[in-house]
Structures are given as structure tokens and as C-alpha cells.
>>> print(open('run.cif').read())   # mmCIF, N, CA and C atoms
data_model
#
loop_
_atom_site.group_PDB
_atom_site.id
_atom_site.type_symbol
_atom_site.label_atom_id
_atom_site.label_comp_id
_atom_site.auth_asym_id
_atom_site.auth_seq_id
_atom_site.Cartn_x
_atom_site.Cartn_y
_atom_site.Cartn_z
ATOM 1 N N MET A 124 94.603 86.397 55.059
ATOM 2 C CA MET A 124 93.704 85.439 55.667
ATOM 3 C C MET A 124 92.980 84.621 54.599
ATOM 4 N N LEU A 125 92.405 85.244 53.592
ATOM 5 C CA LEU A 125 91.674 84.538 52.540
ATOM 6 C C LEU A 125 92.500 84.354 51.275
ATOM 7 N N GLU A 126 93.765 84.695 51.336
ATOM 8 C CA GLU A 126 94.626 84.617 50.152
ATOM 9 C C GLU A 126 94.611 83.234 49.491
ATOM 10 N N PRO A 127 94.635 82.129 50.238
ATOM 11 C CA PRO A 127 94.590 80.824 49.580
ATOM 12 C C PRO A 127 93.300 80.602 48.774
ATOM 13 N N LEU A 128 92.200 81.175 49.223
ATOM 14 C CA LEU A 128 90.936 81.030 48.497
ATOM 15 C C LEU A 128 90.826 81.981 47.308
ATOM 16 N N LEU A 129 91.268 83.212 47.498
ATOM 17 C CA LEU A 129 91.068 84.251 46.493
ATOM 18 C C LEU A 129 92.217 84.378 45.506
ATOM 19 N N GLY A 130 93.364 83.806 45.805
ATOM 20 C CA GLY A 130 94.494 83.850 44.886
ATOM 21 C C GLY A 130 95.557 84.861 45.241
ATOM 22 N N THR A 131 95.168 86.076 45.626
ATOM 23 C CA THR A 131 96.149 87.097 45.985
ATOM 24 C C THR A 131 95.642 87.915 47.167
ATOM 25 N N ILE A 132 96.579 88.464 47.898
ATOM 26 C CA ILE A 132 96.222 89.328 49.019
ATOM 27 C C ILE A 132 95.593 90.623 48.511
ATOM 28 N N ASN A 133 96.028 91.086 47.341
ATOM 29 C CA ASN A 133 95.459 92.320 46.797
ATOM 30 C C ASN A 133 93.978 92.159 46.475
ATOM 31 N N ARG A 134 93.575 90.996 46.003
ATOM 32 C CA ARG A 134 92.149 90.776 45.722
ATOM 33 C C ARG A 134 91.352 90.824 47.022
ATOM 34 N N GLU A 135 91.905 90.223 48.068
ATOM 35 C CA GLU A 135 91.228 90.255 49.365
ATOM 36 C C GLU A 135 91.093 91.691 49.856
ATOM 37 N N TRP A 136 92.167 92.465 49.733
ATOM 38 C CA TRP A 136 92.119 93.854 50.192
ATOM 39 C C TRP A 136 91.135 94.695 49.390
ATOM 40 N N VAL A 137 91.075 94.477 48.090
ATOM 41 C CA VAL A 137 90.118 95.206 47.258
ATOM 42 C C VAL A 137 88.694 94.884 47.705
ATOM 43 N N LEU A 138 88.410 93.624 47.913
ATOM 44 C CA LEU A 138 87.070 93.227 48.362
ATOM 45 C C LEU A 138 86.748 93.836 49.726
ATOM 46 N N GLN A 139 87.705 93.791 50.639
ATOM 47 C CA GLN A 139 87.478 94.368 51.968
ATOM 48 C C GLN A 139 87.239 95.873 51.878
ATOM 49 N N TYR A 140 88.030 96.545 51.062
ATOM 50 C CA TYR A 140 87.897 97.996 50.930
ATOM 51 C C TYR A 140 86.498 98.363 50.434
ATOM 52 N N ILE A 141 86.063 97.704 49.371
ATOM 53 C CA ILE A 141 84.749 98.017 48.802
ATOM 54 C C ILE A 141 83.637 97.653 49.781
ATOM 55 N N LEU A 142 83.814 96.583 50.527
ATOM 56 C CA LEU A 142 82.809 96.217 51.520
ATOM 57 C C LEU A 142 82.686 97.288 52.596
ATOM 58 N N VAL A 143 83.809 97.774 53.084
ATOM 59 C CA VAL A 143 83.795 98.754 54.177
ATOM 60 C C VAL A 143 83.357 100.139 53.705
ATOM 61 N N PHE A 144 83.906 100.598 52.574
ATOM 62 C CA PHE A 144 83.648 101.969 52.124
ATOM 63 C C PHE A 144 82.574 102.072 51.038
ATOM 64 N N GLU A 145 81.961 100.940 50.665
ATOM 65 C CA GLU A 145 80.856 100.846 49.714
ATOM 66 C C GLU A 145 81.253 101.055 48.261
ATOM 67 N N GLU A 146 82.247 101.864 47.990
ATOM 68 C CA GLU A 146 82.750 102.045 46.629
ATOM 69 C C GLU A 146 84.147 102.631 46.698
ATOM 70 N N GLY A 147 84.853 102.573 45.574
ATOM 71 C CA GLY A 147 86.195 103.123 45.551
ATOM 72 C C GLY A 147 86.766 103.066 44.151
ATOM 73 N N TYR A 148 87.886 103.732 43.968
ATOM 74 C CA TYR A 148 88.564 103.704 42.670
ATOM 75 C C TYR A 148 89.997 103.231 42.887
ATOM 76 N N ALA A 149 90.634 102.844 41.800
ATOM 77 C CA ALA A 149 91.913 102.135 41.868
ATOM 78 C C ALA A 149 92.984 102.901 42.638
ATOM 79 N N ARG A 150 93.218 104.150 42.304
ATOM 80 C CA ARG A 150 94.294 104.906 42.953
ATOM 81 C C ARG A 150 94.026 105.063 44.454
ATOM 82 N N GLU A 151 92.783 105.299 44.818
ATOM 83 C CA GLU A 151 92.398 105.448 46.224
ATOM 84 C C GLU A 151 92.705 104.154 47.008
ATOM 85 N N ILE A 152 92.375 103.025 46.426
ATOM 86 C CA ILE A 152 92.607 101.737 47.082
ATOM 87 C C ILE A 152 94.103 101.452 47.175
ATOM 88 N N ALA A 153 94.835 101.726 46.099
ATOM 89 C CA ALA A 153 96.284 101.497 46.095
ATOM 90 C C ALA A 153 96.970 102.345 47.165
ATOM 91 N N ARG A 154 96.557 103.584 47.319
ATOM 92 C CA ARG A 154 97.140 104.447 48.354
ATOM 93 C C ARG A 154 96.785 103.962 49.759
ATOM 94 N N PHE A 155 95.556 103.516 49.916
ATOM 95 C CA PHE A 155 95.085 103.057 51.222
ATOM 96 C C PHE A 155 95.946 101.904 51.736
ATOM 97 N N PHE A 156 96.306 100.973 50.847
ATOM 98 C CA PHE A 156 97.095 99.806 51.233
ATOM 99 C C PHE A 156 98.578 99.946 50.908
ATOM 100 N N ASP A 157 98.962 101.055 50.282
ATOM 101 C CA ASP A 157 100.351 101.301 49.897
ATOM 102 C C ASP A 157 100.893 100.154 49.035
ATOM 103 N N VAL A 158 100.159 99.862 47.954
ATOM 104 C CA VAL A 158 100.562 98.831 46.995
ATOM 105 C C VAL A 158 100.580 99.457 45.601
ATOM 106 N N PRO A 159 101.249 98.808 44.647
ATOM 107 C CA PRO A 159 101.316 99.367 43.290
ATOM 108 C C PRO A 159 99.934 99.456 42.623
ATOM 109 N N LEU A 160 99.708 100.543 41.930
ATOM 110 C CA LEU A 160 98.437 100.790 41.258
ATOM 111 C C LEU A 160 98.072 99.703 40.249
ATOM 112 N N PRO A 161 98.990 99.240 39.378
ATOM 113 C CA PRO A 161 98.593 98.231 38.388
ATOM 114 C C PRO A 161 98.033 96.946 38.996
ATOM 115 N N SER A 162 98.535 96.548 40.152
ATOM 116 C CA SER A 162 98.014 95.318 40.761
ATOM 117 C C SER A 162 96.568 95.507 41.232
ATOM 118 N N ILE A 163 96.245 96.675 41.724
ATOM 119 C CA ILE A 163 94.869 96.962 42.150
ATOM 120 C C ILE A 163 93.958 97.076 40.929
ATOM 121 N N GLN A 164 94.420 97.754 39.886
ATOM 122 C CA GLN A 164 93.627 97.863 38.659
ATOM 123 C C GLN A 164 93.315 96.490 38.092
ATOM 124 N N ASN A 165 94.304 95.611 38.111
ATOM 125 C CA ASN A 165 94.128 94.256 37.605
ATOM 126 C C ASN A 165 93.044 93.517 38.391
ATOM 127 N N GLN A 166 93.075 93.622 39.702
ATOM 128 C CA GLN A 166 92.090 92.939 40.538
ATOM 129 C C GLN A 166 90.686 93.513 40.325
ATOM 130 N N LEU A 167 90.591 94.823 40.207
ATOM 131 C CA LEU A 167 89.286 95.446 39.968
ATOM 132 C C LEU A 167 88.695 94.987 38.639
ATOM 133 N N GLU A 168 89.525 94.926 37.605
ATOM 134 C CA GLU A 168 89.054 94.468 36.295
ATOM 135 C C GLU A 168 88.578 93.021 36.353
ATOM 136 N N LYS A 169 89.341 92.156 37.018
ATOM 137 C CA LYS A 169 88.959 90.747 37.124
ATOM 138 C C LYS A 169 87.654 90.576 37.898
ATOM 139 N N LEU A 170 87.506 91.330 38.982
ATOM 140 C CA LEU A 170 86.282 91.232 39.769
ATOM 141 C C LEU A 170 85.074 91.781 39.006
ATOM 142 N N GLU A 171 85.300 92.791 38.188
ATOM 143 C CA GLU A 171 84.203 93.310 37.366
ATOM 144 C C GLU A 171 83.849 92.309 36.264
ATOM 145 N N GLN A 172 84.838 91.733 35.627
ATOM 146 C CA GLN A 172 84.580 90.732 34.587
ATOM 147 C C GLN A 172 83.856 89.519 35.156
ATOM 148 N N GLY A 173 84.146 89.168 36.405
ATOM 149 C CA GLY A 173 83.496 88.033 37.053
ATOM 150 C C GLY A 173 82.103 88.343 37.577
ATOM 151 N N GLY A 174 81.676 89.592 37.473
ATOM 152 C CA GLY A 174 80.334 89.957 37.907
ATOM 153 C C GLY A 174 80.225 90.313 39.379
ATOM 154 N N VAL A 175 81.328 90.321 40.106
ATOM 155 C CA VAL A 175 81.295 90.657 41.528
ATOM 156 C C VAL A 175 81.111 92.157 41.703
ATOM 157 N N PHE A 176 81.767 92.945 40.867
ATOM 158 C CA PHE A 176 81.692 94.406 40.926
ATOM 159 C C PHE A 176 80.991 94.957 39.695
ATOM 160 N N LEU A 177 80.448 96.130 39.866
ATOM 161 C CA LEU A 177 79.996 96.976 38.768
ATOM 162 C C LEU A 177 80.816 98.258 38.870
ATOM 163 N N SER A 178 80.831 99.034 37.795
ATOM 164 C CA SER A 178 81.553 100.302 37.854
ATOM 165 C C SER A 178 80.745 101.378 37.169
ATOM 166 N N LYS A 179 81.078 102.608 37.505
ATOM 167 C CA LYS A 179 80.456 103.766 36.870
ATOM 168 C C LYS A 179 81.519 104.842 36.755
ATOM 169 N N MET A 180 81.380 105.657 35.751
ATOM 170 C CA MET A 180 82.301 106.766 35.575
ATOM 171 C C MET A 180 81.798 107.954 36.383
ATOM 172 N N SER A 181 82.713 108.567 37.102
ATOM 173 C CA SER A 181 82.429 109.777 37.850
ATOM 174 C C SER A 181 83.469 110.790 37.390
ATOM 175 N N GLY A 182 83.131 111.566 36.373
ATOM 176 C CA GLY A 182 84.121 112.417 35.726
ATOM 177 C C GLY A 182 85.067 111.539 34.937
ATOM 178 N N LYS A 183 86.358 111.615 35.235
ATOM 179 C CA LYS A 183 87.348 110.778 34.570
ATOM 180 C C LYS A 183 87.705 109.537 35.398
ATOM 181 N N THR A 184 87.041 109.377 36.515
ATOM 182 C CA THR A 184 87.375 108.305 37.450
ATOM 183 C C THR A 184 86.347 107.188 37.379
ATOM 184 N N ARG A 185 86.823 105.959 37.284
ATOM 185 C CA ARG A 185 85.936 104.794 37.307
ATOM 186 C C ARG A 185 85.827 104.309 38.745
ATOM 187 N N ARG A 186 84.607 104.350 39.274
ATOM 188 C CA ARG A 186 84.342 103.936 40.653
ATOM 189 C C ARG A 186 83.712 102.542 40.631
ATOM 190 N N TYR A 187 84.180 101.690 41.521
ATOM 191 C CA TYR A 187 83.710 100.307 41.605
ATOM 192 C C TYR A 187 82.882 100.105 42.863
ATOM 193 N N PHE A 188 81.901 99.204 42.766
ATOM 194 C CA PHE A 188 81.046 98.863 43.896
ATOM 195 C C PHE A 188 80.518 97.448 43.681
ATOM 196 N N PHE A 189 80.012 96.832 44.754
ATOM 197 C CA PHE A 189 79.500 95.471 44.635
ATOM 198 C C PHE A 189 78.271 95.434 43.738
ATOM 199 N N ASN A 190 78.177 94.377 42.950
ATOM 200 C CA ASN A 190 77.015 94.123 42.108
ATOM 201 C C ASN A 190 75.914 93.557 43.006
ATOM 202 N N PRO A 191 74.820 94.281 43.209
ATOM 203 C CA PRO A 191 73.780 93.782 44.105
ATOM 204 C C PRO A 191 73.116 92.507 43.595
ATOM 205 N N ARG A 192 73.288 92.200 42.327
ATOM 206 C CA ARG A 192 72.699 90.982 41.757
ATOM 207 C C ARG A 192 73.666 89.800 41.733
ATOM 208 N N TYR A 193 74.854 89.971 42.269
ATOM 209 C CA TYR A 193 75.815 88.871 42.320
ATOM 210 C C TYR A 193 75.225 87.762 43.190
ATOM 211 N N ALA A 194 75.194 86.543 42.660
ATOM 212 C CA ALA A 194 74.497 85.427 43.302
ATOM 213 C C ALA A 194 75.015 85.117 44.709
ATOM 214 N N PHE A 195 76.303 85.303 44.960
ATOM 215 C CA PHE A 195 76.882 84.929 46.244
ATOM 216 C C PHE A 195 77.280 86.140 47.083
ATOM 217 N N LEU A 196 76.640 87.265 46.857
ATOM 218 C CA LEU A 196 77.014 88.491 47.563
ATOM 219 C C LEU A 196 76.871 88.346 49.076
ATOM 220 N N GLY A 197 75.784 87.788 49.533
ATOM 221 C CA GLY A 197 75.572 87.607 50.967
ATOM 222 C C GLY A 197 76.632 86.721 51.594
ATOM 223 N N GLU A 198 76.941 85.627 50.942
ATOM 224 C CA GLU A 198 77.945 84.705 51.450
ATOM 225 C C GLU A 198 79.337 85.334 51.421
ATOM 226 N N LEU A 199 79.628 86.063 50.347
ATOM 227 C CA LEU A 199 80.934 86.712 50.219
ATOM 228 C C LEU A 199 81.129 87.771 51.293
ATOM 229 N N THR A 200 80.133 88.607 51.516
ATOM 230 C CA THR A 200 80.266 89.653 52.530
ATOM 231 C C THR A 200 80.383 89.044 53.927
ATOM 232 N N ALA A 201 79.651 87.968 54.194
ATOM 233 C CA ALA A 201 79.766 87.307 55.501
ATOM 234 C C ALA A 201 81.175 86.747 55.695
ATOM 235 N N LEU A 202 81.739 86.151 54.657
ATOM 236 C CA LEU A 202 83.091 85.603 54.728
ATOM 237 C C LEU A 202 84.118 86.707 54.963
ATOM 238 N N LEU A 203 83.977 87.816 54.244
ATOM 239 C CA LEU A 203 84.917 88.930 54.400
ATOM 240 C C LEU A 203 84.827 89.540 55.797
ATOM 241 N N GLU A 204 83.622 89.694 56.306
ATOM 242 C CA GLU A 204 83.461 90.256 57.651
ATOM 243 C C GLU A 204 84.050 89.325 58.713
ATOM 244 N N LYS A 205 83.850 88.033 58.541
ATOM 245 C CA LYS A 205 84.427 87.072 59.497
ATOM 246 C C LYS A 205 85.950 87.104 59.422
ATOM 247 N N ALA A 206 86.503 87.165 58.213
ATOM 248 C CA ALA A 206 87.960 87.195 58.051
ATOM 249 C C ALA A 206 88.554 88.438 58.692
ATOM 250 N N ARG A 207 87.854 89.572 58.607
ATOM 251 C CA ARG A 207 88.357 90.822 59.166
ATOM 252 C C ARG A 207 88.578 90.728 60.673
ATOM 253 N N GLN A 208 87.832 89.869 61.351
ATOM 254 C CA GLN A 208 87.993 89.694 62.794
ATOM 255 C C GLN A 208 89.358 89.109 63.157
ATOM 256 N N PHE A 209 89.995 88.430 62.206
ATOM 257 C CA PHE A 209 91.268 87.771 62.471
ATOM 258 C C PHE A 209 92.468 88.554 61.951
ATOM 259 N N TYR A 210 92.245 89.745 61.424
ATOM 260 C CA TYR A 210 93.350 90.583 60.963
ATOM 261 C C TYR A 210 94.124 91.127 62.155
ATOM 262 N N GLU A 211 95.332 91.546 61.878
ATOM 263 C CA GLU A 211 96.137 92.185 62.912
ATOM 264 C C GLU A 211 95.453 93.477 63.349
ATOM 265 N N PRO A 212 95.677 93.904 64.604
ATOM 266 C CA PRO A 212 94.974 95.093 65.116
ATOM 267 C C PRO A 212 95.151 96.350 64.258
ATOM 268 N N GLN A 213 96.364 96.586 63.710
ATOM 269 C CA GLN A 213 96.544 97.799 62.912
ATOM 270 C C GLN A 213 95.739 97.745 61.607
ATOM 271 N N MET A 214 95.570 96.545 61.033
ATOM 272 C CA MET A 214 94.752 96.424 59.820
ATOM 273 C C MET A 214 93.276 96.588 60.167
ATOM 274 N N GLN A 215 92.852 96.050 61.279
ATOM 275 C CA GLN A 215 91.466 96.241 61.717
ATOM 276 C C GLN A 215 91.185 97.722 61.940
ATOM 277 N N ALA A 216 92.149 98.434 62.503
ATOM 278 C CA ALA A 216 91.977 99.862 62.758
ATOM 279 C C ALA A 216 91.820 100.640 61.452
ATOM 280 N N LYS A 217 92.540 100.238 60.405
ATOM 281 C CA LYS A 217 92.410 100.923 59.115
ATOM 282 C C LYS A 217 90.983 100.849 58.598
ATOM 283 N N PHE A 218 90.343 99.707 58.826
ATOM 284 C CA PHE A 218 88.991 99.517 58.310
ATOM 285 C C PHE A 218 87.925 100.158 59.184
ATOM 286 N N THR A 219 88.279 100.595 60.374
ATOM 287 C CA THR A 219 87.292 101.230 61.241
ATOM 288 C C THR A 219 87.423 102.748 61.225
ATOM 289 N N LEU A 220 88.165 103.267 60.266
ATOM 290 C CA LEU A 220 88.272 104.721 60.129
ATOM 291 C C LEU A 220 86.907 105.319 59.830
ATOM 292 N N GLN A 221 86.789 106.586 60.068
ATOM 293 C CA GLN A 221 85.541 107.276 59.759
ATOM 294 C C GLN A 221 85.284 107.257 58.259
ATOM 295 N N ARG A 222 84.029 107.385 57.912
ATOM 296 C CA ARG A 222 83.652 107.423 56.499
ATOM 297 C C ARG A 222 84.378 108.556 55.792
ATOM 298 N N MET A 223 84.654 108.353 54.508
ATOM 299 C CA MET A 223 85.391 109.337 53.736
ATOM 300 C C MET A 223 84.481 110.419 53.148
ATOM 301 N N ARG A 224 83.194 110.173 53.111
ATOM 302 C CA ARG A 224 82.283 111.168 52.571
ATOM 303 C C ARG A 224 81.121 111.320 53.543
ATOM 304 N N PRO A 225 80.450 112.448 53.519
ATOM 305 C CA PRO A 225 79.358 112.656 54.469
ATOM 306 C C PRO A 225 78.173 111.734 54.173
ATOM 307 N N ARG A 226 77.470 111.376 55.197
ATOM 308 C CA ARG A 226 76.277 110.536 55.064
ATOM 309 C C ARG A 226 75.121 111.386 54.541
ATOM 310 N N ARG A 227 74.321 110.777 53.664
ATOM 311 C CA ARG A 227 73.130 111.486 53.173
ATOM 312 C C ARG A 227 72.222 111.815 54.358
ATOM 313 N N PRO A 228 71.610 113.004 54.393
ATOM 314 C CA PRO A 228 70.792 113.404 55.537
ATOM 315 C C PRO A 228 69.631 112.446 55.809
ATOM 316 N N GLU A 229 69.037 111.872 54.755
ATOM 317 C CA GLU A 229 67.872 111.012 54.959
ATOM 318 C C GLU A 229 68.251 109.560 55.270
ATOM 319 N N LYS A 230 69.536 109.212 55.198
ATOM 320 C CA LYS A 230 69.968 107.837 55.440
ATOM 321 C C LYS A 230 70.027 107.576 56.944
ATOM 322 N N PRO A 231 69.398 106.460 57.408
ATOM 323 C CA PRO A 231 69.422 106.176 58.847
ATOM 324 C C PRO A 231 70.825 105.778 59.308
ATOM 325 N N LEU A 232 71.098 106.008 60.588
ATOM 326 C CA LEU A 232 72.405 105.660 61.153
ATOM 327 C C LEU A 232 72.543 104.202 61.378
#
>>> encode(input="run.cif", output="C-alpha cells")
Amino acid sequence: MLEPLLGTINREWVLQYILVFEEGYAREIARFFDVPLPSIQNQLEKLEQGGVFLSKMSGKTRRYFFNPRYAFLGELTALLEKARQFYEPQMQAKFTLQRMRPRRPEKPL
């Protein structure tokens, strides 16, 4: 859907994944979409270099998440959420899966 704007479908999927699941790492994202790992790693690196993502090490794994100080974060998330409405039903269903980790007890629903 946003491939003409973003350059590649993998970049769009990486952005959607991080938006929905709040954070993720390369292998997890590649498995989720069944795409080659190097293409996802490449997109994550480019998005981090551009300031869209930040990363942190969790053991040996580099986890990526949106940079809260990114100037266009609000506009980007609104665009991604709107685009998700036009995805095919099976892709929409993938993004509505249950959370992968438990919610913090003090976090509101």
C-alpha cells in the first residue's frame, strides 16, 4: 500500500510491525512476514540511521522501537494505521494477533 512512498514493501512491513508490537528484532520480524533476514536487517538499519527507530541490546539481540523524538512520529503512525485498513483481510488478521508478551500489571488497558 505505501510501497511507492517508502521504497520497499519490507520497509512498510517493518514499520507496521514495530507500530503494532511496540518493538521487535530482525529475525522475529523476518519470520513474522516470511521474508529473508538480510532484507529486514537492512531496513532496520536504514530506519535507525534516519532517526525513525532507536535500538537497545537485550542480551545478544538488538531490539528496535520508534524514536519518541522523531519529528514526524505522529504523522507516520497515523499514515501507517490508515494504510492498515486497506490491507487484505489475512494481513489485517496478522496484525490483530494477541500481544506476544504479558502486559505490565500497572499499565492501563
>>> resolve_selection(input="run.cif", expression="the PyMOL selection byres ((chain A and resi 188-190) around 6)", output="list in words")
Glu145, Glu146, Gly147, Gly174, Val175, Phe176, Leu177, Ser178, Arg186, Tyr187, Pro191, Arg192 and Tyr193 of chain A
>>> closest_residue(input="run.cif", among="A:Thr219, A:Asn133, A:Leu170, A:Gln139", to="Val158 in chain A", atoms="only C-alpha atoms")
A:Asn133
>>> atom_distance(input="run.cif", atom1="CA of Ala153 in chain A", atom2="CA of Thr200 in chain A")
20.9 Å
>>> atom_distance(input="run.cif", atom1="CA of Glu171 in chain A", atom2="CA of Pro127 in chain A")
20.3 Å
>>> atom_distance(input="run.cif", atom1="atom C of Leu202 in chain A", atom2="CA of Met180 in chain A")
28.0 Å
>>> select_by_dssp(input="run.cif", residues="chain A", states="strand (DSSP E)", output="list in words")
Phe176, Leu177, Ser178, Lys179, Met180, Ser181, Thr184, Arg185, Arg186, Tyr187, Phe188 and Phe189 of chain A
>>> closest_residue(input="run.cif", among="A:Arg134, A:Lys217, A:Arg185, A:Lys179", to="Ser162 in chain A", atoms="only N, CA and C atoms")
A:Arg134
>>> resolve_selection(input="run.cif", expression="the PyMOL selection byres (((chain A and resi 135 and name CA) around 12) and name CA)", output="PyMOL selection string")
chain A and resi 124-134+136-142+152+156+163+166-167+170+199-200+202-204+206-207+210
>>> closest_residue(input="run.cif", among="A:Gln172, A:Gln215, A:Gln164, A:Ser181", to="Arg150 in chain A", atoms="all atoms listed in the file")
A:Gln164
